[in-house]
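What's in model.cif: mmCIF, C-alpha atoms and all ligand atoms
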```cif
data_protein
loop_
_atom_site.label_atom_id
_atom_site.label_comp_id
_atom_site.auth_asym_id
_atom_site.auth_seq_id
_atom_site.Cartn_x
_atom_site.Cartn_y
_atom_site.Cartn_z
CA GLU A 74 38.16 -119.80 118.25
CA ASP A 75 40.34 -122.09 120.20
CA PHE A 76 38.49 -125.15 121.42
CA SER A 77 41.64 -127.02 122.38
CA GLY A 78 41.38 -128.21 125.97
CA ARG A 79 37.56 -128.36 125.78
CA GLY A 80 35.23 -131.35 125.49
CA VAL A 81 36.88 -134.15 123.55
CA TRP A 82 40.16 -132.22 123.47
CA ARG A 83 40.39 -132.15 127.25
CA TYR A 84 41.65 -135.70 126.72
CA ALA A 85 44.29 -134.76 124.15
CA ALA A 86 46.85 -136.80 126.10
CA ALA A 87 44.94 -139.91 124.98
CA LEU A 88 44.43 -138.68 121.39
CA PRO A 89 46.75 -138.55 118.38
CA PHE A 90 46.69 -134.70 118.21
CA GLU A 91 46.47 -131.74 120.58
CA SER A 92 43.47 -130.20 118.78
CA GLY A 93 41.13 -130.74 115.86
CA VAL A 94 38.34 -129.30 113.74
CA SER A 95 36.02 -128.50 116.62
CA LEU A 96 32.49 -127.10 117.04
CA PRO A 97 33.14 -128.02 120.02
CA GLU A 98 31.99 -131.56 120.96
CA GLY A 99 31.84 -133.68 124.10
CA ASP A 100 31.07 -132.63 127.70
CA THR A 101 27.61 -134.11 127.37
CA PRO A 102 25.28 -134.43 130.37
CA LEU A 103 25.01 -137.50 132.58
CA HIS A 104 21.32 -137.13 133.39
CA GLU A 105 19.58 -138.35 136.51
CA VAL A 106 16.36 -140.21 135.70
CA PRO A 107 14.93 -140.95 139.18
CA ARG A 108 11.55 -142.28 138.02
CA LEU A 109 13.09 -144.64 135.49
CA GLU A 110 15.77 -145.65 138.00
CA ALA A 111 13.11 -146.64 140.54
CA ASP A 112 11.03 -148.38 137.92
CA VAL A 113 13.93 -150.45 136.52
CA GLY A 114 15.13 -151.16 140.06
CA VAL A 115 18.89 -150.67 140.13
CA ARG A 116 21.13 -148.99 142.72
CA SER A 117 21.65 -146.05 140.37
CA LEU A 118 20.84 -145.24 136.75
CA ARG A 119 22.32 -142.39 134.76
CA VAL A 120 21.82 -141.49 131.10
CA LYS A 121 24.83 -140.20 129.17
CA HIS A 122 23.11 -138.14 126.48
CA GLU A 123 25.29 -137.98 123.40
CA GLY A 124 22.43 -136.34 121.53
CA MET A 125 23.67 -133.10 123.11
CA ASN A 126 26.69 -132.91 120.80
CA PRO A 127 26.80 -130.16 118.12
CA THR A 128 25.13 -132.15 115.35
CA GLY A 129 23.04 -134.18 117.81
CA SER A 130 24.96 -137.45 118.02
CA PHE A 131 28.19 -139.01 119.35
CA LYS A 132 29.59 -139.04 115.81
CA ASP A 133 30.95 -135.53 116.39
CA ARG A 134 33.52 -136.94 118.82
CA GLY A 135 34.92 -139.13 116.08
CA MET A 136 34.75 -136.52 113.35
CA THR A 137 36.71 -133.86 115.24
CA VAL A 138 39.67 -136.27 115.22
CA GLY A 139 38.99 -137.91 111.85
CA VAL A 140 38.71 -134.67 109.91
CA ARG A 141 41.89 -133.41 111.58
CA VAL A 142 43.68 -136.50 110.24
CA ALA A 143 42.23 -135.85 106.79
CA GLN A 144 43.64 -132.31 106.95
CA GLU A 145 47.06 -133.67 107.85
CA LEU A 146 46.87 -135.98 104.85
CA GLY A 147 45.73 -133.15 102.60
CA VAL A 148 42.86 -135.10 101.05
CA ASP A 149 40.31 -133.23 98.94
CA ARG A 150 37.23 -135.38 99.42
CA LEU A 151 35.72 -137.03 102.50
CA ALA A 152 33.16 -139.80 102.27
CA CYS A 153 31.05 -142.13 104.37
CA ALA A 154 28.17 -144.57 104.20
CA SER A 155 25.58 -143.81 106.82
CA THR A 156 22.29 -144.62 108.47
CA GLY A 157 22.19 -140.84 108.93
CA ASN A 158 24.12 -139.53 111.91
CA THR A 159 27.58 -140.11 110.49
CA SER A 160 26.53 -138.25 107.34
CA ALA A 161 25.25 -135.28 109.36
CA ALA A 162 28.46 -135.09 111.36
CA LEU A 163 30.72 -135.56 108.35
CA ALA A 164 28.86 -132.85 106.42
CA ALA A 165 29.20 -130.39 109.31
CA TYR A 166 32.86 -131.09 110.14
CA GLY A 167 33.87 -131.36 106.48
CA GLY A 168 32.11 -128.06 105.84
CA ARG A 169 33.91 -126.51 108.80
CA ALA A 170 37.23 -127.71 107.39
CA GLY A 171 36.33 -126.54 103.89
CA VAL A 172 36.63 -130.01 102.34
CA GLU A 173 34.15 -131.59 99.90
CA THR A 174 31.94 -134.29 101.44
CA LEU A 175 30.16 -137.23 99.85
CA VAL A 176 27.65 -139.39 101.72
CA LEU A 177 25.99 -142.64 100.66
CA LEU A 178 22.61 -143.29 102.28
CA PRO A 179 20.24 -146.27 102.06
CA ALA A 180 17.32 -144.83 100.08
CA GLY A 181 14.17 -144.30 102.14
CA LYS A 182 15.71 -145.58 105.38
CA VAL A 183 17.27 -142.46 106.88
CA ALA A 184 15.41 -140.25 109.38
CA ALA A 185 14.37 -136.82 108.12
CA GLY A 186 16.44 -134.71 110.50
CA LYS A 187 19.66 -136.42 109.46
CA VAL A 188 19.10 -136.02 105.72
CA ALA A 189 18.24 -132.35 106.33
CA GLN A 190 21.51 -131.82 108.19
CA ALA A 191 23.64 -133.48 105.53
CA ALA A 192 21.89 -131.45 102.83
CA LEU A 193 22.19 -128.07 104.53
CA HIS A 194 25.80 -128.56 105.63
CA GLY A 195 26.53 -129.10 101.97
CA ALA A 196 27.28 -132.78 101.46
CA ARG A 197 26.63 -134.43 98.12
CA ILE A 198 24.04 -137.05 99.05
CA LEU A 199 23.88 -140.27 97.05
CA GLU A 200 20.77 -142.31 97.79
CA VAL A 201 21.66 -145.93 97.18
CA ASP A 202 19.18 -148.66 96.34
CA GLY A 203 20.39 -150.95 99.11
CA ASN A 204 20.87 -151.09 102.88
CA PHE A 205 23.65 -149.50 104.95
CA ASP A 206 25.96 -152.47 104.55
CA ALA A 207 25.75 -152.21 100.76
CA CYS A 208 26.51 -148.46 100.98
CA LEU A 209 29.58 -149.20 103.08
CA ASP A 210 30.83 -151.83 100.62
CA VAL A 211 30.66 -149.26 97.82
CA VAL A 212 32.23 -146.35 99.69
CA ALA A 213 35.06 -148.58 100.97
CA GLU A 214 35.79 -149.50 97.35
CA LEU A 215 35.77 -145.84 96.34
CA ALA A 216 38.21 -145.12 99.17
CA ASN A 217 40.47 -148.00 98.11
CA MET A 218 40.50 -146.56 94.60
CA GLY A 219 41.74 -143.26 96.03
CA GLU A 220 38.51 -141.39 95.24
CA ALA A 221 37.87 -140.26 98.81
CA TYR A 222 39.06 -140.46 102.42
CA LEU A 223 36.81 -142.84 104.37
CA LEU A 224 35.33 -141.54 107.62
CA ASN A 225 33.24 -144.47 108.74
CA SER A 226 34.17 -146.18 112.01
CA LEU A 227 36.40 -148.52 110.00
CA ASN A 228 38.69 -145.51 110.28
CA PRO A 229 40.51 -146.04 113.60
CA PHE A 230 40.90 -142.30 114.24
CA ARG A 231 37.10 -142.00 114.56
CA LEU A 232 37.24 -144.46 117.44
CA GLU A 233 40.04 -142.51 119.11
CA GLY A 234 37.68 -139.56 119.51
CA GLN A 235 34.83 -141.78 120.65
CA LYS A 236 37.01 -143.16 123.48
CA THR A 237 36.30 -139.89 125.29
CA ILE A 238 32.72 -141.04 125.98
CA GLY A 239 34.27 -143.62 128.31
CA PHE A 240 36.61 -141.11 129.96
CA GLU A 241 33.75 -138.68 130.60
CA ILE A 242 31.47 -141.36 132.05
CA LEU A 243 34.12 -142.58 134.50
CA GLU A 244 35.12 -139.07 135.49
CA SER A 245 31.58 -137.74 136.05
CA PHE A 246 30.39 -140.87 137.82
CA LEU A 247 33.38 -140.87 140.16
CA ALA A 248 32.90 -137.19 140.98
CA GLU A 249 29.28 -137.74 142.00
CA TYR A 250 29.28 -141.20 143.55
CA ASP A 251 32.92 -141.71 144.53
CA ARG A 252 32.94 -145.01 142.62
CA TYR A 253 32.77 -146.22 139.02
CA PRO A 254 29.63 -147.62 137.35
CA ASP A 255 29.33 -151.41 137.25
CA ARG A 256 27.84 -151.47 133.79
CA ILE A 257 27.52 -149.37 130.64
CA VAL A 258 24.60 -150.26 128.37
CA LEU A 259 24.80 -149.02 124.79
CA PRO A 260 23.02 -149.41 121.47
CA VAL A 261 25.08 -151.32 118.91
CA GLY A 262 25.17 -150.95 115.14
CA ASN A 263 28.68 -151.20 113.71
CA ALA A 264 29.96 -151.71 117.27
CA GLY A 265 32.30 -148.73 116.99
CA ASN A 266 31.43 -147.33 120.41
CA THR A 267 31.73 -150.75 122.02
CA ALA A 268 35.23 -151.10 120.56
CA ALA A 269 36.14 -147.49 121.46
CA LEU A 270 35.00 -147.77 125.09
CA TYR A 271 36.90 -151.02 125.51
CA LYS A 272 40.05 -149.40 124.13
CA ALA A 273 39.60 -146.42 126.45
CA PHE A 274 39.31 -148.66 129.52
CA ARG A 275 42.23 -150.88 128.48
CA GLU A 276 44.42 -147.81 128.08
CA LEU A 277 43.46 -146.62 131.57
CA VAL A 278 44.25 -150.05 133.03
CA GLU A 279 47.60 -150.16 131.22
CA ALA A 280 48.43 -146.68 132.51
CA GLY A 281 47.68 -147.83 136.07
CA ALA A 282 44.79 -145.36 136.38
CA LEU A 283 42.06 -148.00 136.69
CA ASP A 284 41.96 -151.48 138.21
CA GLU A 285 40.99 -154.30 135.89
CA ALA A 286 38.14 -155.14 138.30
CA GLU A 287 36.77 -151.59 138.00
CA VAL A 288 36.21 -151.75 134.24
CA PRO A 289 32.43 -151.48 133.63
CA MET A 290 30.66 -154.41 132.00
CA LEU A 291 30.06 -153.44 128.39
CA THR A 292 26.52 -154.43 127.52
CA GLY A 293 25.35 -154.09 123.92
CA VAL A 294 21.77 -153.77 122.74
CA GLN A 295 20.49 -154.39 119.22
CA ALA A 296 17.06 -154.39 117.62
CA GLU A 297 15.66 -157.89 117.10
CA GLY A 298 15.56 -157.34 113.35
CA ALA A 299 19.27 -156.46 113.15
CA ALA A 300 21.10 -158.43 115.82
CA PRO A 301 24.23 -160.12 114.43
CA MET A 302 26.28 -159.11 117.50
CA VAL A 303 23.79 -160.71 119.87
CA GLU A 304 23.92 -163.85 117.74
CA ALA A 305 27.74 -163.84 117.86
CA ILE A 306 27.78 -163.47 121.66
CA GLU A 307 25.16 -166.18 122.14
CA GLU A 308 26.95 -168.59 119.82
CA GLY A 309 30.50 -167.78 120.94
CA LEU A 310 31.64 -166.58 117.48
CA ASP A 311 34.83 -164.54 116.88
CA ASP A 312 33.08 -162.48 114.22
CA THR A 313 29.52 -161.80 113.21
CA ARG A 314 27.60 -163.58 110.47
CA ARG A 315 26.38 -161.02 107.95
CA TRP A 316 22.60 -160.54 108.08
CA GLU A 317 21.41 -159.73 104.57
CA ASP A 318 17.88 -158.74 105.59
CA VAL A 319 17.66 -156.28 108.44
CA GLU A 320 14.68 -154.27 109.63
CA THR A 321 13.87 -152.03 112.60
CA ARG A 322 12.22 -148.69 113.30
CA ALA A 323 15.50 -147.72 114.96
CA THR A 324 16.96 -146.95 111.54
CA ALA A 325 20.30 -145.76 112.98
CA ILE A 326 21.14 -149.34 113.96
CA ARG A 327 19.61 -151.08 110.94
CA ILE A 328 22.94 -152.83 110.25
CA GLY A 329 23.64 -156.45 109.35
CA ASN A 330 27.43 -156.51 109.10
CA PRO A 331 29.01 -154.69 112.08
CA VAL A 332 32.47 -153.75 110.84
CA ASN A 333 33.99 -153.42 114.32
CA ALA A 334 32.70 -156.77 115.57
CA ARG A 335 36.17 -158.29 115.90
CA LYS A 336 37.26 -155.40 118.14
CA ALA A 337 34.00 -155.20 120.07
CA LEU A 338 33.22 -158.85 120.84
CA PRO A 339 36.36 -159.20 123.05
CA GLY A 340 35.25 -156.00 124.82
CA ILE A 341 31.86 -157.42 125.71
CA ARG A 342 33.36 -160.76 126.78
CA GLY A 343 36.47 -159.35 128.46
CA THR A 344 34.49 -157.03 130.74
CA GLY A 345 31.91 -159.67 131.71
CA GLY A 346 29.19 -157.90 129.78
CA THR A 347 26.58 -159.31 127.46
CA ALA A 348 24.44 -158.47 124.44
CA VAL A 349 20.68 -158.52 124.11
CA ALA A 350 18.11 -157.93 121.37
CA VAL A 351 14.93 -155.92 121.95
CA ALA A 352 11.65 -155.62 120.05
CA ASP A 353 10.78 -152.38 118.28
CA GLU A 354 7.75 -151.94 120.59
CA ALA A 355 10.06 -152.01 123.63
CA ILE A 356 12.27 -149.40 121.97
CA VAL A 357 9.30 -147.10 121.38
CA ASP A 358 8.12 -147.55 124.99
CA ALA A 359 11.59 -146.70 126.27
CA GLN A 360 11.80 -143.63 124.03
CA ARG A 361 8.47 -142.38 125.43
CA THR A 362 9.46 -143.12 129.05
CA LEU A 363 12.73 -141.21 128.72
CA ALA A 364 11.02 -138.31 126.96
CA GLU A 365 8.40 -138.07 129.73
CA GLU A 366 11.30 -137.54 132.12
CA GLY A 367 12.60 -134.72 129.91
CA VAL A 368 15.29 -136.60 128.00
CA GLY A 369 14.62 -136.60 124.26
CA VAL A 370 16.40 -139.32 122.29
CA GLU A 371 16.01 -141.02 118.93
CA PRO A 372 14.76 -144.64 118.75
CA ALA A 373 18.19 -146.33 118.44
CA SER A 374 19.29 -144.56 121.62
CA ALA A 375 16.26 -145.76 123.54
CA ALA A 376 17.33 -149.33 122.75
CA SER A 377 19.83 -149.02 125.62
CA ILE A 378 16.99 -148.44 128.09
CA ALA A 379 14.87 -151.21 126.56
CA GLY A 380 17.85 -153.56 126.81
CA LEU A 381 18.49 -152.68 130.44
CA ARG A 382 14.83 -153.34 131.28
CA LYS A 383 14.96 -156.74 129.60
CA LEU A 384 18.19 -157.75 131.33
CA ARG A 385 16.84 -156.58 134.68
CA GLU A 386 13.67 -158.62 134.18
CA SER A 387 15.69 -161.73 133.31
CA GLY A 388 17.92 -161.17 136.37
CA THR A 389 21.10 -160.70 134.33
CA VAL A 390 21.37 -157.19 135.79
CA ASP A 391 21.26 -157.14 139.61
CA ASP A 392 19.26 -154.67 141.67
CA ASP A 393 22.43 -153.41 143.38
CA GLU A 394 24.18 -152.35 140.17
CA ASP A 395 25.26 -148.84 139.19
CA VAL A 396 24.31 -148.49 135.54
CA VAL A 397 24.95 -145.89 132.85
CA CYS A 398 22.88 -146.06 129.66
CA LEU A 399 24.30 -144.36 126.60
CA THR A 400 21.82 -142.46 124.46
CA THR A 401 23.52 -141.80 121.17
CA GLY A 402 21.29 -139.36 119.26
CA HIS A 403 18.79 -136.53 119.82
CA LEU A 404 15.00 -136.85 119.57
CA LEU A 405 14.84 -134.30 116.73
CA LYS A 406 16.94 -136.53 114.49
CA ASP A 407 13.83 -138.58 113.77
CA PRO A 408 10.80 -136.28 114.13
CA ASP A 409 8.48 -138.80 112.48
CA ALA A 410 9.30 -141.49 115.03
CA ALA A 411 8.89 -139.00 117.89
CA ALA A 412 5.50 -137.83 116.64
CA ALA A 413 4.31 -141.40 116.15
CA ALA A 414 5.41 -142.42 119.67
CA GLY A 415 3.94 -139.33 121.35
CA ARG A 416 0.52 -137.83 121.93
CA ASP A 417 -1.65 -136.76 119.03
CA PRO A 418 -2.49 -133.06 118.64
CA GLU A 419 -6.16 -132.29 119.38
CA PRO A 420 -7.96 -130.07 116.89
CA VAL A 421 -10.02 -127.33 118.62
CA PRO A 422 -11.91 -124.25 117.46
CA ASN A 423 -10.29 -120.81 117.64
CA ASP A 424 -12.31 -119.88 120.74
CA THR A 425 -11.42 -119.79 124.47
CA GLU A 426 -14.81 -121.01 125.73
CA ALA A 427 -14.78 -123.92 123.32
CA ILE A 428 -11.22 -124.79 124.35
CA LEU A 429 -12.19 -124.71 128.05
CA GLY A 430 -15.07 -127.01 127.21
CA HIS A 431 -12.73 -129.33 125.34
CA LEU A 432 -10.27 -129.44 128.25
CA ALA A 433 -13.11 -130.28 130.67
CA GLU A 434 -14.27 -133.24 128.59
N1 LIG B 1 23.04 -144.96 117.86
C1 LIG B 1 22.93 -144.06 116.86
C2 LIG B 1 22.00 -142.92 117.05
C3 LIG B 1 23.70 -144.22 115.69
O1 LIG B 1 23.58 -143.32 114.72
C4 LIG B 1 24.55 -145.34 115.56
C5 LIG B 1 25.32 -145.56 114.35
C6 LIG B 1 24.61 -146.23 116.62
C7 LIG B 1 23.85 -146.02 117.75
C8 LIG B 1 25.49 -147.43 116.59
O2 LIG B 1 26.77 -147.10 116.98
O3 LIG B 1 28.06 -148.20 115.18
O4 LIG B 1 29.15 -147.43 117.27
O5 LIG B 1 27.65 -149.40 117.27
N2 LIG B 1 25.15 -144.89 113.30
C9 LIG B 1 25.97 -145.00 112.09
C10 LIG B 1 25.63 -143.88 111.13
C11 LIG B 1 25.97 -146.32 111.47
O6 LIG B 1 25.83 -144.04 109.92
O7 LIG B 1 25.18 -142.83 111.57
P1 LIG B 1 27.99 -148.09 116.66
#
```

What would the structure in this file look like if it were written as structure tokens?
Ligand code: F0G
Amino acid sequence: EDFSGRGVWRYAAALPFESGVSLPEGDTPLHEVPRLEADVGVRSLRVKHEGMNPTGSFKDRGMTVGVRVAQELGVDRLACASTGNTSAALAAYGGRAGVETLVLLPAGKVAAGKVAQAALHGARILEVDGNFDACLDVVAELANMGEAYLLNSLNPFRLEGQKTIGFEILESFLAEYDRYPDRIVLPVGNAGNTAALYKAFRELVEAGALDEAEVPMLTGVQAEGAAPMVEAIEEGLDDTRRWEDVETRATAIRIGNPVNARKALPGIRGTGGTAVAVADEAIVDAQRTLAEEGVGVEPASAASIAGLRKLRESGTVDDDEDVVCLTTGHLLKDPDAAAAAGRDPEPVPNDTEAILGHLAE
């Protein structure tokens, strides 16, 4: 198969290689959500659904480039710490490349779908008695000791691939509306996407392809129980303070020490964006609302919608804005969260008449 020129690799001119280990990734939909758009009250609202990538999250965009780099280097073991999605993507792309993969997960805090993916794609899974940040500390040490090649978003080649989210959003939005979106709202964990989108837009401005004034306002959303980036924006810090105790049902973004904060904070500030924290209940509501309009996302992804709602209610987001929300992972990543947020199954007898009676109740 030759996936060069497709998806992420359509933007090879902005990437360090012409092609990579590809399944292929990118070219995700920019969904219309008319009911949500009307309800939130903005000029337009689109949902860029990164859950439609091969392993169900945006991580695939980074891995296609990152694993290519690992091949160039000739390393024999790839590793990452993960809240789940990175491990699923690394396992799949490492498997594709025929390289051993090692993933460190916070024990008991990773959604079922993600662990299943890492397991079946053949990663060695180490369940660590600690949170994501502790896992990353350990795996970074292993990498420094030469035990493995690190494929967390600390690795700048991951972010190169993730820049293509920004290129796709601008391109699709322009094609449909003949203008660029005013704002991109995204969930934030390690702030890799925030940093990657900012780099993508800066490169376009430097190349003369985009006016500075056209760069969308990067708007980050975190869960209240894990919001060091929001704290840093509110307090004007150059880096985040490490939160030792983090908690949220959006386990993908249960992160207290965002490693890309120093790259991402200037992106939020430099584009006139902001950062906001949302309650878990608001995340669950947003997940259900999106799903009822046919778009199935995992809790962390729904944080973008919850954040937009909150910023609209506070007046930070105007009613005449064109907004794109990024949804980063698929509903099936976290089946337990989806089942808990949705309707309960109704037990009925194995009998048509009885079922008709039940439906008439
Ligand atoms: N949404 C989802 C579904 C994620 O899996 C992640 C990060 C984020 C948002 C945050 O993105 O780090 O670029 O700000 N997941 C990582 C992982 C930490 O291990 O899968 P970010």

- Query: With only C-alpha atoms as the atoms that count, which of A:Ala296, A:Met136, A:Ala280, A:Val349 lies nearest to Val390 (chain A)?
  - Reply: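 That would be A:Val349, the residue with the smallest distance to Val390 (chain A).
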
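Take the candidates A:Phe230, A:Asp202, A:Asp255, A:Ala352 and check each one against Arg382 (chain A) using all atoms listed in the file; the shortest distance goes to A:Ala352.
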
Q: Fewer than 4 positions away in the same chain doesn't count, so skip those; otherwise give me all residues within 10 Å of Glu317 (chain A), counting all atoms listed in the file, as a PyMOL selection string.
A: chain A and resi 204+206-207+299+328-330

| request: Could you please extract the residues within 9 Å of ligand LIG 1 (chain B), counting all atoms listed in the file, and hand them back as a ChimeraX atom specification? | output: /A:123-124,129-132,153-162,178,187,205,225-226,232,235,259-269,293,295,323-328,331-333,370-376,399-403,406

Mind dumping the selected residues with C-alpha atoms as an mmCIF file, keeping the file's coordinate frame?
```
data_model
loop_
_atom_site.group_PDB
_atom_site.id
_atom_site.type_symbol
_atom_site.label_atom_id
_atom_site.label_comp_id
_atom_site.auth_asym_id
_atom_site.auth_seq_id
_atom_site.Cartn_x
_atom_site.Cartn_y
_atom_site.Cartn_z
ATOM 1 C CA GLU A 123 25.290 -137.980 123.400
ATOM 2 C CA GLY A 124 22.430 -136.340 121.530
ATOM 3 C CA GLY A 129 23.040 -134.180 117.810
ATOM 4 C CA SER A 130 24.960 -137.450 118.020
ATOM 5 C CA PHE A 131 28.190 -139.010 119.350
ATOM 6 C CA LYS A 132 29.590 -139.040 115.810
ATOM 7 C CA CYS A 153 31.050 -142.130 104.370
ATOM 8 C CA ALA A 154 28.170 -144.570 104.200
ATOM 9 C CA SER A 155 25.580 -143.810 106.820
ATOM 10 C CA THR A 156 22.290 -144.620 108.470
ATOM 11 C CA GLY A 157 22.190 -140.840 108.930
ATOM 12 C CA ASN A 158 24.120 -139.530 111.910
ATOM 13 C CA THR A 159 27.580 -140.110 110.490
ATOM 14 C CA SER A 160 26.530 -138.250 107.340
ATOM 15 C CA ALA A 161 25.250 -135.280 109.360
ATOM 16 C CA ALA A 162 28.460 -135.090 111.360
ATOM 17 C CA LEU A 178 22.610 -143.290 102.280
ATOM 18 C CA LYS A 187 19.660 -136.420 109.460
ATOM 19 C CA PHE A 205 23.650 -149.500 104.950
ATOM 20 C CA ASN A 225 33.240 -144.470 108.740
ATOM 21 C CA SER A 226 34.170 -146.180 112.010
ATOM 22 C CA LEU A 232 37.240 -144.460 117.440
ATOM 23 C CA GLN A 235 34.830 -141.780 120.650
ATOM 24 C CA LEU A 259 24.800 -149.020 124.790
ATOM 25 C CA PRO A 260 23.020 -149.410 121.470
ATOM 26 C CA VAL A 261 25.080 -151.320 118.910
ATOM 27 C CA GLY A 262 25.170 -150.950 115.140
ATOM 28 C CA ASN A 263 28.680 -151.200 113.710
ATOM 29 C CA ALA A 264 29.960 -151.710 117.270
ATOM 30 C CA GLY A 265 32.300 -148.730 116.990
ATOM 31 C CA ASN A 266 31.430 -147.330 120.410
ATOM 32 C CA THR A 267 31.730 -150.750 122.020
ATOM 33 C CA ALA A 268 35.230 -151.100 120.560
ATOM 34 C CA ALA A 269 36.140 -147.490 121.460
ATOM 35 C CA GLY A 293 25.350 -154.090 123.920
ATOM 36 C CA GLN A 295 20.490 -154.390 119.220
ATOM 37 C CA ALA A 323 15.500 -147.720 114.960
ATOM 38 C CA THR A 324 16.960 -146.950 111.540
ATOM 39 C CA ALA A 325 20.300 -145.760 112.980
ATOM 40 C CA ILE A 326 21.140 -149.340 113.960
ATOM 41 C CA ARG A 327 19.610 -151.080 110.940
ATOM 42 C CA ILE A 328 22.940 -152.830 110.250
ATOM 43 C CA PRO A 331 29.010 -154.690 112.080
ATOM 44 C CA VAL A 332 32.470 -153.750 110.840
ATOM 45 C CA ASN A 333 33.990 -153.420 114.320
ATOM 46 C CA VAL A 370 16.400 -139.320 122.290
ATOM 47 C CA GLU A 371 16.010 -141.020 118.930
ATOM 48 C CA PRO A 372 14.760 -144.640 118.750
ATOM 49 C CA ALA A 373 18.190 -146.330 118.440
ATOM 50 C CA SER A 374 19.290 -144.560 121.620
ATOM 51 C CA ALA A 375 16.260 -145.760 123.540
ATOM 52 C CA ALA A 376 17.330 -149.330 122.750
ATOM 53 C CA LEU A 399 24.300 -144.360 126.600
ATOM 54 C CA THR A 400 21.820 -142.460 124.460
ATOM 55 C CA THR A 401 23.520 -141.800 121.170
ATOM 56 C CA GLY A 402 21.290 -139.360 119.260
ATOM 57 C CA HIS A 403 18.790 -136.530 119.820
ATOM 58 C CA LYS A 406 16.940 -136.530 114.490
#
```

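At a cut-off of 8 Å from (23.2, -153.1, 140.8), the residue set is Val115, Arg116, Ser117, Asp255, Val390, Asp391, Asp392, Asp393, Glu394, Asp395 and Val396 of chain A (counting all atoms listed in the file).
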
In terms of only C-alpha atoms, the residue from A:Glu308, A:Glu297, A:Asp75, A:Glu320 at minimal distance from Lys182 (chain A) is A:Glu320

Between CA of Leu381 (chain A) and CA of Ala111 (chain A), what is the distance in Å, rounded to a tenth?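 About the pair CA of Leu381 (chain A) and CA of Ala111 (chain A): they are 12.9 Å apart.
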